[in-house]
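Novice: Following this line is coords.txt, made up of compact mmCIF, C-alpha atoms:
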```txt
# COMPACT_ATOMS: atom_id res chain seq x y z
CA MET A 268 127.11 99.48 103.79
CA PRO A 269 125.01 97.90 106.59
CA PHE A 270 127.04 94.69 106.96
CA VAL A 271 130.38 95.21 108.69
CA LEU A 272 132.88 92.34 108.54
CA LYS A 273 134.39 91.85 112.00
CA GLN A 274 137.50 89.68 112.37
CA TYR A 275 138.66 87.63 115.37
CA PRO A 276 141.86 85.54 115.85
CA ALA A 277 140.75 81.91 115.61
CA ILE A 278 141.30 79.12 118.15
CA GLN A 279 142.03 75.96 116.20
CA GLY A 280 140.06 72.85 117.08
CA GLU A 281 137.26 74.68 118.92
CA LYS A 282 133.64 74.41 117.87
CA ILE A 283 132.55 77.58 116.12
CA GLN A 284 129.47 78.19 118.29
CA HIS A 285 131.59 77.96 121.47
CA PHE A 286 134.23 80.25 120.00
CA LEU A 287 131.68 82.97 119.15
CA ILE A 288 130.17 82.95 122.65
CA ASN A 289 133.48 82.81 124.55
CA ASN A 290 135.77 84.94 122.39
CA THR A 291 133.63 87.68 120.85
CA ASP A 292 131.19 90.31 122.08
CA LEU A 293 128.26 88.28 120.72
CA SER A 294 125.60 86.68 122.91
CA GLY A 295 124.54 83.07 122.53
CA SER A 296 121.36 84.00 120.69
CA GLN A 297 123.23 86.40 118.40
CA SER A 298 125.81 83.72 117.61
CA GLN A 299 123.17 81.14 116.72
CA LYS A 300 121.30 83.64 114.56
CA LEU A 301 124.45 84.60 112.64
CA LEU A 302 125.36 80.96 112.09
CA SER A 303 121.86 80.11 110.87
CA LYS A 304 121.93 83.05 108.42
CA ASN A 305 125.34 82.05 106.95
CA ARG A 306 127.12 85.16 108.22
CA VAL A 307 130.15 83.47 109.82
CA PHE A 308 133.18 82.68 107.63
CA ASP A 309 136.74 81.43 107.83
CA ASP A 310 139.65 83.39 106.33
CA GLN A 311 138.99 81.79 102.92
CA ASP A 312 135.37 83.07 102.96
CA ASN A 313 133.96 79.57 103.50
CA ILE A 314 130.69 79.61 105.44
CA LEU A 315 130.91 78.08 108.92
CA LYS A 316 127.92 76.22 110.31
CA ASN A 317 126.86 75.33 113.83
CA GLY A 318 128.95 72.31 114.92
CA ASP A 319 131.89 73.02 112.57
CA THR A 320 135.40 72.74 114.05
CA ILE A 321 137.66 75.74 113.46
CA ASN A 322 140.60 75.07 111.12
CA CYS A 323 141.78 78.52 110.11
CA GLN A 324 143.66 81.57 111.43
CA THR A 325 140.84 84.13 111.42
CA ILE A 326 137.09 84.06 111.97
CA GLN A 327 134.99 86.63 110.09
CA VAL A 328 131.49 87.66 111.15
CA ALA A 329 129.17 89.82 109.01
CA VAL A 330 127.30 92.01 111.49
CA PHE A 331 124.48 94.37 110.50
CA GLU A 332 125.14 97.94 111.64
CA GLY A 333 122.48 100.42 110.58
CA HIS A 334 123.24 103.90 109.27
CA SER A 335 120.99 106.80 108.39
CA ARG A 336 120.31 108.64 105.14
CA GLY A 337 117.93 111.05 106.84
CA LEU A 338 114.68 109.05 106.73
CA LYS A 339 113.03 109.60 110.12
CA PRO A 340 109.93 107.97 111.65
CA ILE A 341 106.75 110.01 111.21
CA PHE A 342 105.16 108.64 114.38
CA GLU A 343 106.38 106.77 117.44
CA THR A 344 105.47 105.51 120.90
CA PRO A 345 107.71 103.81 123.49
CA ASP A 346 106.92 100.44 121.84
CA PHE A 347 106.73 101.12 118.10
CA ALA A 348 107.34 103.60 115.31
CA VAL A 349 106.06 104.16 111.77
CA PHE A 350 108.24 105.07 108.78
CA ASP A 351 106.89 106.56 105.53
CA LYS A 352 109.15 104.68 103.09
CA PRO A 353 110.01 106.08 99.65
CA SER A 354 109.67 103.87 96.58
CA GLY A 355 112.89 102.08 95.66
CA VAL A 356 114.07 101.42 99.23
CA MET A 357 114.10 97.76 100.28
CA VAL A 358 112.83 97.09 103.78
CA HIS A 359 115.45 94.42 104.53
CA PRO A 360 118.92 93.59 103.13
CA THR A 361 118.93 90.72 100.64
CA ARG A 362 122.70 90.13 100.68
CA LYS A 363 125.91 91.34 102.31
CA THR A 364 126.40 93.90 99.55
CA THR A 365 123.03 95.65 100.10
CA GLU A 366 124.11 99.27 100.56
CA TYR A 367 120.98 100.64 102.21
CA CYS A 368 117.53 99.55 103.33
CA LEU A 369 114.83 100.61 105.77
CA LEU A 370 116.30 98.35 108.45
CA ASP A 371 119.34 100.65 108.42
CA GLU A 372 117.19 103.51 109.70
CA VAL A 373 115.35 101.24 112.13
CA ARG A 374 118.56 100.01 113.79
CA TYR A 375 120.17 103.46 113.63
CA PHE A 376 117.31 105.04 115.58
CA PHE A 377 116.22 102.21 117.88
CA GLY A 378 119.07 99.70 118.26
CA ASP A 379 119.59 95.99 117.62
CA GLU A 380 116.35 94.80 119.22
CA ALA A 381 114.20 96.83 116.83
CA SER A 382 112.59 94.96 113.92
CA LEU A 383 110.04 95.26 111.14
CA ALA A 384 106.51 94.19 112.10
CA HIS A 385 105.64 93.60 108.42
CA ARG A 386 107.07 94.23 104.96
CA ILE A 387 106.16 95.94 101.72
CA ASP A 388 107.83 95.58 98.31
CA ALA A 389 110.85 97.75 97.57
CA GLU A 390 109.00 99.70 94.88
CA THR A 391 105.88 100.18 97.01
CA SER A 392 106.05 103.40 98.97
CA GLY A 393 104.34 104.21 102.24
CA LEU A 394 103.80 103.14 105.81
CA VAL A 395 105.84 100.46 107.56
CA LEU A 396 105.31 99.58 111.23
CA VAL A 397 108.42 98.94 113.32
CA ALA A 398 108.73 97.31 116.76
CA LYS A 399 111.26 98.91 119.10
CA ASN A 400 111.87 95.91 121.36
CA LYS A 401 111.43 92.14 121.48
CA GLN A 402 108.19 92.21 123.47
CA SER A 403 106.43 94.65 121.15
CA SER A 404 107.83 92.76 118.18
CA ARG A 405 106.09 89.57 119.30
CA GLN A 406 102.81 91.41 119.89
CA LEU A 407 102.82 93.37 116.65
CA LYS A 408 103.83 90.42 114.46
CA MET A 409 101.12 88.32 116.08
CA MET A 410 98.65 91.10 115.31
CA PHE A 411 99.58 90.94 111.62
CA GLU A 412 99.37 87.14 111.60
CA HIS A 413 95.84 87.36 112.99
CA ARG A 414 94.84 90.27 110.70
CA GLN A 415 94.17 92.59 113.62
CA TYR A 416 94.87 95.68 111.52
CA ASN A 417 93.52 97.61 108.53
CA LYS A 418 95.82 98.56 105.66
CA GLU A 419 94.70 100.91 102.91
CA TYR A 420 96.66 101.40 99.69
CA LEU A 421 96.37 103.83 96.81
CA ALA A 422 97.13 102.60 93.31
CA LEU A 423 97.06 104.06 89.81
CA VAL A 424 95.74 101.45 87.38
CA ARG A 425 95.14 101.03 83.67
CA GLY A 426 91.64 101.67 82.36
CA GLN A 427 88.49 102.99 83.97
CA VAL A 428 87.24 101.33 87.13
CA LEU A 429 83.55 102.20 87.33
CA THR A 430 82.33 100.41 90.46
CA ASP A 431 83.56 98.87 93.68
CA LEU A 432 85.15 95.47 93.20
CA THR A 433 85.67 92.53 95.52
CA ILE A 434 88.43 90.37 94.07
CA GLU A 435 88.44 86.98 95.76
CA LYS A 436 90.83 84.70 93.92
CA PRO A 437 93.41 82.19 95.22
CA ILE A 438 97.04 83.19 94.73
CA SER A 439 99.91 80.82 94.03
CA LYS A 440 103.37 80.79 92.47
CA ALA A 441 103.10 81.24 88.72
CA ASP A 442 104.38 78.64 86.26
CA SER A 443 106.71 81.17 84.73
CA ASN A 444 110.35 81.93 84.04
CA ILE A 445 109.87 85.03 86.24
CA ARG A 446 111.05 83.75 89.61
CA MET A 447 108.91 86.00 91.83
CA LYS A 448 105.72 86.10 89.78
CA MET A 449 102.42 85.04 91.35
CA THR A 450 99.15 84.09 89.65
CA CYS A 451 95.40 83.73 90.22
CA ASP A 452 95.09 80.94 87.65
CA SER A 453 95.50 78.01 90.02
CA GLU A 454 92.68 76.78 92.27
CA ALA A 455 95.38 75.28 94.50
CA GLY A 456 96.50 78.74 95.60
CA LYS A 457 95.92 80.40 98.96
CA GLN A 458 92.55 82.09 99.39
CA SER A 459 92.91 85.85 99.01
CA LYS A 460 90.58 88.83 99.05
CA THR A 461 91.01 92.48 98.07
CA PHE A 462 88.46 95.31 98.06
CA ILE A 463 88.85 97.96 95.33
CA HIS A 464 87.15 101.36 95.36
CA PRO A 465 87.59 103.84 92.44
CA LEU A 466 88.55 107.40 93.43
CA LYS A 467 89.51 109.41 90.31
CA PHE A 468 89.54 108.79 86.56
CA ASN A 469 91.93 110.54 84.18
CA GLU A 470 90.31 110.44 80.76
CA SER A 471 93.39 111.80 78.98
CA ASN A 472 95.55 108.78 79.81
CA GLN A 473 92.80 106.29 80.71
CA THR A 474 93.99 105.62 84.24
CA THR A 475 92.08 105.36 87.52
CA MET A 476 93.28 106.03 91.04
CA VAL A 477 91.82 103.37 93.32
CA LYS A 478 91.79 102.57 97.00
CA ALA A 479 92.82 98.96 97.63
CA ILE A 480 92.15 97.20 100.92
CA PRO A 481 93.74 93.74 101.21
CA VAL A 482 91.86 91.47 103.60
CA THR A 483 94.58 88.81 103.36
CA GLY A 484 98.30 89.43 102.99
CA ARG A 485 99.66 87.31 100.13
CA GLN A 486 102.81 88.10 98.16
CA HIS A 487 102.04 90.71 95.46
CA GLN A 488 98.34 90.38 96.32
CA ILE A 489 97.11 93.80 95.17
CA ARG A 490 99.28 93.69 92.06
CA VAL A 491 98.20 90.23 90.91
CA HIS A 492 94.52 90.76 91.82
CA LEU A 493 94.28 94.03 89.87
CA ASP A 494 96.10 92.51 86.90
CA SER A 495 93.70 89.54 86.96
CA VAL A 496 90.71 91.86 86.32
CA GLY A 497 92.43 93.85 83.54
CA HIS A 498 93.56 96.80 85.65
CA SER A 499 97.29 96.29 86.14
CA ILE A 500 99.11 98.93 88.16
CA ILE A 501 100.92 101.65 86.22
CA GLY A 502 104.69 101.21 86.45
CA ASP A 503 104.48 97.49 87.29
CA PRO A 504 107.42 95.74 85.58
CA ILE A 505 106.19 92.22 86.44
CA TYR A 506 102.40 92.15 85.87
CA GLY A 507 100.61 93.37 82.76
CA VAL A 508 103.78 93.34 80.63
CA ASP A 509 105.56 90.86 78.39
CA GLU A 510 107.92 88.49 80.22
CA SER A 511 110.86 89.94 78.30
CA ILE A 512 110.27 93.26 80.06
CA ALA A 513 110.03 91.52 83.43
CA ASN A 514 113.28 89.66 82.76
CA GLU A 515 115.09 92.86 81.84
CA TYR A 516 113.79 94.49 85.01
CA LEU A 517 114.94 91.61 87.24
CA CYS A 518 118.32 91.53 85.51
CA LYS A 519 118.60 95.30 86.05
CA THR A 520 119.01 95.93 82.32
CA LEU A 521 115.66 97.67 81.75
CA SER A 522 116.32 101.32 80.90
CA ASP A 523 114.21 104.12 82.39
CA GLU A 524 113.04 105.06 78.90
CA LYS A 525 111.93 101.54 78.02
CA ARG A 526 110.21 101.03 81.36
CA LEU A 527 108.30 104.30 80.96
CA LYS A 528 107.24 103.28 77.46
CA PHE A 529 105.95 99.81 78.39
CA THR A 530 104.66 100.33 81.94
CA GLY A 531 103.69 104.02 82.04
CA ALA A 532 105.94 105.07 84.94
CA ASN A 533 109.44 104.58 86.31
CA ARG A 534 108.16 103.25 89.64
CA LEU A 535 105.35 101.01 90.78
CA MET A 536 102.37 103.30 91.40
CA LEU A 537 101.30 101.53 94.59
CA HIS A 538 101.36 103.33 97.93
CA ALA A 539 100.66 102.09 101.48
CA HIS A 540 98.55 105.09 102.52
CA LYS A 541 96.83 104.27 105.82
CA LEU A 542 97.43 101.92 108.72
CA SER A 543 94.92 101.39 111.54
CA PHE A 544 95.10 99.06 114.55
CA ASN A 545 94.51 98.75 118.27
CA TYR A 546 97.53 98.31 120.53
CA LYS A 547 97.26 98.06 124.31
CA GLU A 548 93.66 99.31 124.15
CA VAL A 549 94.59 102.42 122.17
CA ASP A 550 93.33 102.97 118.60
CA TYR A 551 95.91 104.23 116.10
CA ASN A 552 95.06 105.67 112.67
CA ILE A 553 98.18 106.73 110.78
CA THR A 554 98.22 108.35 107.32
CA SER A 555 101.11 108.83 104.90
CA LYS A 556 102.03 112.33 103.70
CA GLN A 557 103.33 111.28 100.26
CA GLU A 558 100.04 111.07 98.30
CA LYS A 559 100.20 114.50 96.59
CA THR A 560 103.83 114.09 95.60
CA ILE A 561 103.28 110.63 94.11
CA PHE A 562 100.04 111.11 92.18
CA SER A 563 99.91 114.86 91.42
CA LYS A 564 101.43 114.65 87.93
CA PHE A 565 98.69 112.20 86.88
CA PHE A 566 95.84 114.33 88.28
CA LYS A 567 96.61 118.03 87.79
```
Would you mind writing the file's structure down as structure tokens?
Specialist:
Amino acid sequence: MPFVLKQYPAIQGEKIQHFLINNTDLSGSQSQKLLSKNRVFDDQDNILKNGDTINCQTIQVAVFEGHSRGLKPIFETPDFAVFDKPSGVMVHPTRKTTEYCLLDEVRYFFGDEASLAHRIDAETSGLVLVAKNKQSSRQLKMMFEHRQYNKEYLALVRGQVLTDLTIEKPISKADSNIRMKMTCDSEAGKQSKTFIHPLKFNESNQTTMVKAIPVTGRQHQIRVHLDSVGHSIIGDPIYGVDESIANEYLCKTLSDEKRLKFTGANRLMLHAHKLSFNYKEVDYNITSKQEKTIFSKFFK
């Protein structure tokens, strides 16, 4: 489990932020970050906030300590590394009970200063860029904010895609009971653009492998754009299915058999395949090695 609960004898009447700096091995910036993320507790598991006065016997701090399950970076320089993430692995812990995520491997290999330069969905497999230190983190995250990169995805979609498509539709939060669902139906959404290029068509199951290049980086952009033109991604439990299926998926009650029946696969068939960018006047073009493993059973 990545979060380790460290305990310290409390000093009654002291402000919590002063206690953490003066009586633990945490720095000032670490202490403030932990307080802001609700990871400091009293001995009754009540969350302590910046400015709170200690009135308990023990202070508990949930500290992230990465561990490895054998996933190694496929490429690295002194400033950054690239992981080829499997489907089903979250990039970041969502709660204290998250047992494993990509950040585990990042911190295990590169220490506490290492961080993710960008994110992909848990069920999306493929390339994730990681900064090894604070300076490279600032540079790489700024690069993503200013779209100074090229990302290329592979996706298996329903139906036959005959020609190149440019999908340019605004994306916003959907008016839906599905908490994470996005939509292209609202003109008030954020402008978004995705290029789609068909690669292979499987006549037997009426699916097409496509290359998807997102120009912008909205939440679920490729998924919602493809669904909006009638080519939802195979295995998608949120888009292109009835909301009852999506609810079962989010509640973790959707069986593998039922998901396969209604979505066509037991994982989202979306893969971050290529990543290209210029860093410190050097061009990098990195390609995932998972393509054959992921798509081979659909194109024999």
Novice: In Å, with one decimal, what is the gap from atom CA of A:Arg534 to atom CA of A:Ala479?
Specialist: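 A separation of 17.8 Å between them.
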Novice: Which residues come within 7 Å of A:Val328, counting all atoms listed in the file, excluding same-chain residues fewer than 2 positions away, as a list of chain:residue names?
Specialist: A:Leu272, A:Lys273, A:Gln274, A:Arg306, A:Val307, A:Phe308, A:Ile326, A:Val330
Novice: Nearest residue to A:Asp388 out of A:Ile321, A:Ile445, A:Ala348, A:Ala539, using only C-alpha atoms?
Specialist: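 Using only C-alpha atoms, A:Asp388 sits closest to A:Ala539.
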Novice: Neighbours of A:Gln458 within 9 Å (only C-alpha atoms; same-chain residues fewer than 5 positions away dropped), as a list in words?
Specialist: Glu435, Lys436, Pro437, Ile438, Thr483 and Arg485 of chain A
Novice: Please, which residues are within 12 Å of (90.2, 93.4, 84.8) by the file's coordinates, counting only C-alpha atoms, and could they come as a list in words?
Specialist: Val424, Arg425, Gly426, Gln427, Val428, Leu429, Thr430, Leu432, Thr433, Ile434, Ile463, Arg490, Val491, His492, Leu493, Asp494, Ser495, Val496, Gly497, His498, Ser499, Ile500 and Gly507 of chain A
Novice: Taking (119.0, 99.0, 115.6) in the file's own coordinates, collect the residues within 12 Å, counting all atoms listed in the file, and hand them back as a count of residues only.
Specialist: 27
Novice: Calculate how many Å separate atom CA of A:Asp346 from atom CA of A:Leu396, rounding to one decimal.
Specialist: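 Interatomic distance, atom CA of A:Asp346 to atom CA of A:Leu396: 10.8 Å.
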Novice: For the atom pair atom CA of A:Ile387 and atom CA of A:Ser298, what is the interatomic distance in Å to one decimal place?
Specialist: 28.1 Å
Novice: Applying 12 Å and all atoms listed in the file, which residues near A:Leu287 remain after dropping the ones on its own chain fewer than 6 positions away? List them as JSON, numbers by chain.
Specialist: {"A": [273, 274, 275, 276, 277, 278, 281, 293, 294, 295, 296, 297, 298, 299, 300, 301, 302, 307, 308, 315, 316, 317, 318, 319, 321, 326, 327, 328]}
Novice: Using all atoms listed in the file, which residues sit within 8 Å of A:Gln279 once same-chain residues fewer than 6 positions away are excluded, as a PyMOL selection string?
Specialist: chain A and resi 320-324
Novice: Pick the closest to A:Asn552 from A:Val477, A:Ile314, A:Leu394, A:Val482: which is it, counting only C-alpha atoms?
Specialist: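 For A:Asn552, the nearest of the given residues is A:Leu394.
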Novice: Env of stretch 511-522 of chain A: 12 Å cut, atoms = all atoms listed in the file, seq-sep filter 2 positions within chain, self excluded. Answer as number ranges by chain.
Specialist: A: 443-448, 502-509, 524-530, 532-534
Novice: From the options A:Phe270, A:Lys282, A:Ser555, A:Phe462, which residue's atoms come nearest to A:Thr361, counting only C-alpha atoms?
Specialist: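 For A:Thr361, the nearest of the given residues is A:Phe270.
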Novice: Counting all atoms listed in the file, figure out which residue out of A:Ile501, A:Ala455, A:Ala441, A:Leu423 gets nearest to A:Thr475.
Specialist: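 Closest to A:Thr475 of all the choices is A:Leu423.
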